[in-house]
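Reading through the structure tokens given below for one structure.
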Amino acid sequence: MRADPLTVSLETVIAAAPMLGHPLEDRALIRAAQRPELAAAFREVSRIPLRNPEQRGMFLVAPLDVLVVNCEAGRKQFHVTEINGTGIGGLTNLPLDIVGTVLDGFAKFAASLDAPDALVLVAVSGMESSKNPRQNKLFYEKMLYAEAVKRGLDSRGIGPTARVLTMAQVEQDGDAVRSEGPAVVLGYIKQLLNALGLRRDGRLHLHGRPVDAAINDRFCLNALSRLGHLVDMSRFHTMNRTFMAGSDKGVAYELINEYTSSGGWEESFPRRVEFTRVHNRPEMVAAVLRWLRMGRKVVIKAQGTGLGHGVEFFLDPEEDADAIIERIDHSIRVTEHYYAAAGGAFPYTLVEFVDTCTVPRRGHPLFGHKYEVRVVVYRDGDDLCAVPSISKICSQGYEADRSGRLSLINNITASAEAMKQAGTEFMLPLCNEETLGLLEITRADMEGLCVYCAGLIRHVLDQAQDHPERFGLSGVQGALSEEDAALAIVRA
Ligand SMILES: Nc1ncnc2c1ncn2[C@@H]1O[C@H](COP(=O)(O)OP(=O)(O)O)[C@@H](O)[C@H]1O
Ligand SMILES: [Mg+2]
């Protein structure tokens, strides 16, 4: 069969990217090292049905970040540290059949939109800092999303075919987005946020054009926070619908604690995540000092941020209060600058520090480096499945008495940027016996983790249906009052 003569393969896009001024990072080698039989075994052991067909429209994919701790008899304990969502970077680390399932899910989501002129936003992380702009090396994954969304919009057979636009065009010419017909707009989170507004009827708009849907959990939460949570959620279709759990660690920990307490999970998972939420700087300073006085090590995390932005570790009970306050202020400034979060990305979550395992094999290039594992939960038709994706390894070795930030942050982008190396230098494929052997994680432990992760997402979906108010979903519907409209404008 002859291919569409105007289609370019991903391989060619990645190869040509440096000539276009935006180098991209290929994940083909990681993907090829995922063993199909292992991936299939993890997927099947964790498979769990949705509670009802309505949950189909609420969830597509979430990569869970999981800290790993040694416990008795060579077993591991797993601490889910965040849920994340459709902004996932590294979808293409997974076997192709899973990539295909997730992309088909985006197409079906777009196909379910009623508005003939539907406008769908696809947000990408990157370019957070104007002083130190970072191009996203996996940008092509969101291009795949945009194509899938276009496919879905076109499959409806109503009106003209959908256009794919980017914020680079829209920023030059706002009319591009205002012309008729369905469209997908691809842009960096911050570019999109800066162009968003709220109409009096509670609808989001982009340069005056109503927005029907958006993809990327962190973007969805940031859009709502910026507009004072006054968006009419019945007309703003977010994927995932559970974006709040994916982008606010405090919301996630509460759900995780409920889920674990209902389970009988024994020692493989901590009984509780110890955390608290703080709503402003004085509360945060007081809480960090109090935790340290009680002998607890503490990590602070901002709302709606990623890549370790705003994360600070307070591990030394003797640290000077001024130094602590300086680091808290630094975190707040980072979130203001990177996420345009006026006054800082509050509420923050304070969580107890977990002293995780390091790569245990002497002689390995990453020996002594801390790591975490990523398990991707995705929807496969009417089921949820979990598959381990990669292990993310710190760029610097860990020494208990001299622990710098780079030896504590297992983030691929942070490691790659700090060491000026490819992100793939700091990751290992997880559906792979050699990696599991290197990290001394048994297959049974990994299976247990996959079962836990898929079940956790089912719990999150059930809660979003039963208590939409917990997820910012029950908010305003219809026209705003004068007062609310004024408030939204002030916040924006
Ligand atoms: N409770 C914790 N104990 C120890 N390290 C942590 C803890 N929570 C997070 N980290 C470290 O901080 C990094 C970033 O935290 P994470 O919650 O994943 O936020 P982000 O959205 O910035 O990725 C993690 O990759 C891990 O290295
Ligand atoms: Mg993370």
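Chain identifiers are assigned as A, B, and so on, following the order in which chains appear in the structure tokens; residues are numbered from 1 within each chain, and ligands are numbered from 1 in order of appearance.
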Practice item. Kindly work out which residues sit at most 7 Å from ligand 1, using only C-alpha atoms and all ligand atoms, and give the list as number ranges by chain. Key: A: 65, 81-82, 249, 299, 301, 305-309, 311, 351-356, 372, 408-411
Any chance you could export the current selection's N, CA and C atoms as a tab-separated table (two decimals), in the first residue's frame?
```tsv
chain	number	residue	atom	x	y	z
A	65	ASP	N	5.29	8.40	39.60
A	65	ASP	CA	6.68	8.37	40.05
A	65	ASP	C	6.73	7.70	41.41
A	81	THR	N	5.23	9.03	44.75
A	81	THR	CA	5.55	10.41	45.12
A	81	THR	C	4.76	11.41	44.30
A	82	GLU	N	4.31	11.01	43.13
A	82	GLU	CA	3.35	11.86	42.40
A	82	GLU	C	2.66	11.04	41.31
A	249	LYS	N	0.46	17.57	44.53
A	249	LYS	CA	0.93	16.41	45.30
A	249	LYS	C	0.11	16.20	46.56
A	299	VAL	N	10.43	17.70	52.67
A	299	VAL	CA	10.54	18.13	51.27
A	299	VAL	C	9.36	19.06	51.00
A	301	LYS	N	6.94	21.00	48.14
A	301	LYS	CA	6.54	20.87	46.73
A	301	LYS	C	5.45	21.88	46.42
A	305	THR	N	3.57	22.34	39.49
A	305	THR	CA	4.90	22.47	38.90
A	305	THR	C	5.44	21.07	38.54
A	306	GLY	N	6.58	21.04	37.87
A	306	GLY	CA	7.17	19.75	37.52
A	306	GLY	C	8.67	19.88	37.40
A	307	LEU	N	9.34	18.79	37.02
A	307	LEU	CA	10.79	18.75	36.80
A	307	LEU	C	11.59	19.17	38.01
A	308	GLY	N	11.02	18.99	39.18
A	308	GLY	CA	11.73	19.37	40.41
A	308	GLY	C	11.71	20.87	40.68
A	309	HIS	N	11.01	21.66	39.85
A	309	HIS	CA	10.95	23.11	40.09
A	309	HIS	C	10.26	23.39	41.42
A	311	VAL	N	10.99	22.30	44.26
A	311	VAL	CA	11.21	21.27	45.28
A	311	VAL	C	12.48	21.64	46.07
A	351	VAL	N	6.11	17.24	52.70
A	351	VAL	CA	6.03	15.78	52.85
A	351	VAL	C	7.32	15.27	53.48
A	352	GLU	N	7.19	14.16	54.18
A	352	GLU	CA	8.37	13.63	54.86
A	352	GLU	C	9.37	13.09	53.83
A	353	PHE	N	10.64	13.39	54.04
A	353	PHE	CA	11.71	12.90	53.17
A	353	PHE	C	11.81	11.38	53.29
A	354	VAL	N	11.98	10.72	52.16
A	354	VAL	CA	12.15	9.26	52.14
A	354	VAL	C	13.59	8.98	51.70
A	355	ASP	N	14.31	8.23	52.52
A	355	ASP	CA	15.71	7.94	52.18
A	355	ASP	C	15.73	6.71	51.28
A	356	THR	N	15.82	6.96	49.98
A	356	THR	CA	15.61	5.89	49.00
A	356	THR	C	16.90	5.11	48.71
A	372	GLU	N	14.52	6.39	41.10
A	372	GLU	CA	13.11	6.08	41.33
A	372	GLU	C	12.60	5.32	40.12
A	408	LEU	N	19.70	14.25	44.84
A	408	LEU	CA	18.39	13.94	45.42
A	408	LEU	C	17.25	14.02	44.42
A	409	ILE	N	17.50	14.68	43.28
A	409	ILE	CA	16.44	14.87	42.28
A	409	ILE	C	16.61	13.83	41.18
A	410	ASN	N	15.65	12.92	41.08
A	410	ASN	CA	15.73	11.88	40.04
A	410	ASN	C	15.02	12.32	38.78
A	411	ASN	N	15.16	13.55	38.39
A	411	ASN	CA	14.42	13.99	37.21
A	411	ASN	C	15.32	13.96	35.98
```
Check your understanding: In range 216-283 of chain A, what's strand (DSSP E or B) per DSSP? Answer as number ranges by chain?
Key -> A: 237-239, 275-278
Output N, CA and C atoms of each residue in that selection to a file, as a PDB file, in the first residue's frame.
```pdb
ATOM      1  N   HIS A 237     -13.617  20.616  28.674  1.00  0.00           N
ATOM      2  CA  HIS A 237     -13.367  19.175  28.775  1.00  0.00           C
ATOM      3  C   HIS A 237     -11.875  18.939  28.949  1.00  0.00           C
ATOM      4  N   THR A 238     -11.514  18.416  30.096  1.00  0.00           N
ATOM      5  CA  THR A 238     -10.094  18.225  30.370  1.00  0.00           C
ATOM      6  C   THR A 238      -9.763  16.738  30.272  1.00  0.00           C
ATOM      7  N   MET A 239      -8.605  16.443  29.763  1.00  0.00           N
ATOM      8  CA  MET A 239      -8.141  15.050  29.748  1.00  0.00           C
ATOM      9  C   MET A 239      -6.753  15.064  30.362  1.00  0.00           C
ATOM     10  N   PHE A 275       2.115  14.126  55.360  1.00  0.00           N
ATOM     11  CA  PHE A 275       2.188  15.381  54.612  1.00  0.00           C
ATOM     12  C   PHE A 275       1.264  16.418  55.231  1.00  0.00           C
ATOM     13  N   THR A 276       1.502  17.660  54.865  1.00  0.00           N
ATOM     14  CA  THR A 276       0.579  18.724  55.260  1.00  0.00           C
ATOM     15  C   THR A 276       0.579  19.775  54.157  1.00  0.00           C
ATOM     16  N   ARG A 277      -0.469  20.592  54.138  1.00  0.00           N
ATOM     17  CA  ARG A 277      -0.544  21.626  53.104  1.00  0.00           C
ATOM     18  C   ARG A 277      -0.429  22.999  53.741  1.00  0.00           C
ATOM     19  N   VAL A 278       0.242  23.900  53.045  1.00  0.00           N
ATOM     20  CA  VAL A 278       0.391  25.265  53.563  1.00  0.00           C
ATOM     21  C   VAL A 278      -0.038  26.248  52.473  1.00  0.00           C
TER      22      VAL A 278
END
```
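Considering only C-alpha atoms and all ligand atoms, the residue among A:Val149, A:Ile88, A:Ile256, A:Val298 positioned nearest to ligand 2 is A:Ile88.
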Point to revise | Close residues, Leu461 in chain A itself excluded, 12 Å, only C-alpha atoms, min 6 positions apart in chain, as a list in words | key: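 So the residues in contact are Pro49, Leu50, Arg51, Asn52, Pro53, Glu54, Gln55, Arg56, Gly57, Met58, Phe59, Leu60, Asn240, Arg241, Thr242, Phe243, Met244, Ala245, Gly246, Leu255, Tyr259, Arg379, Leu384, Ala454, Gly455, His467, Pro468, Arg470 and Phe471 of chain A.
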Revision key, fill the gap. CA of Cys431 in chain A to CA of Gly250 in chain A measures 29.5 Å
Exercise for review: Name the residues of range 101-272 of chain A that come out as alpha helix (DSSP H) in a backbone DSSP run; write them as a count of residues only.
Suggested key: 73
Check your understanding: So how far away is CA of Phe269 in chain A from CA of Gln77 in chain A, in Å?
Key ->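 Between CA of Gln77 in chain A and CA of Phe269 in chain A the gap is 5.4 Å.
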Exercise for review: For Asn84 in chain A, list every protein, DNA or RNA residue within 7 Å, evaluated using only C-alpha atoms, and leave out those in the same chain fewer than 4 positions away; present the list as a ChimeraX atom specification.
Suggested key: /A:62-64,246-247
Exercise for review: Find the residue from A:Leu206, A:Leu186, A:Ile393, A:Cys453 that sits nearest to ligand 2; use only C-alpha atoms and all ligand atoms when measuring.
Suggested key: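 Nearest candidate to ligand 2 out of A:Leu206, A:Leu186, A:Ile393, A:Cys453: A:Ile393.
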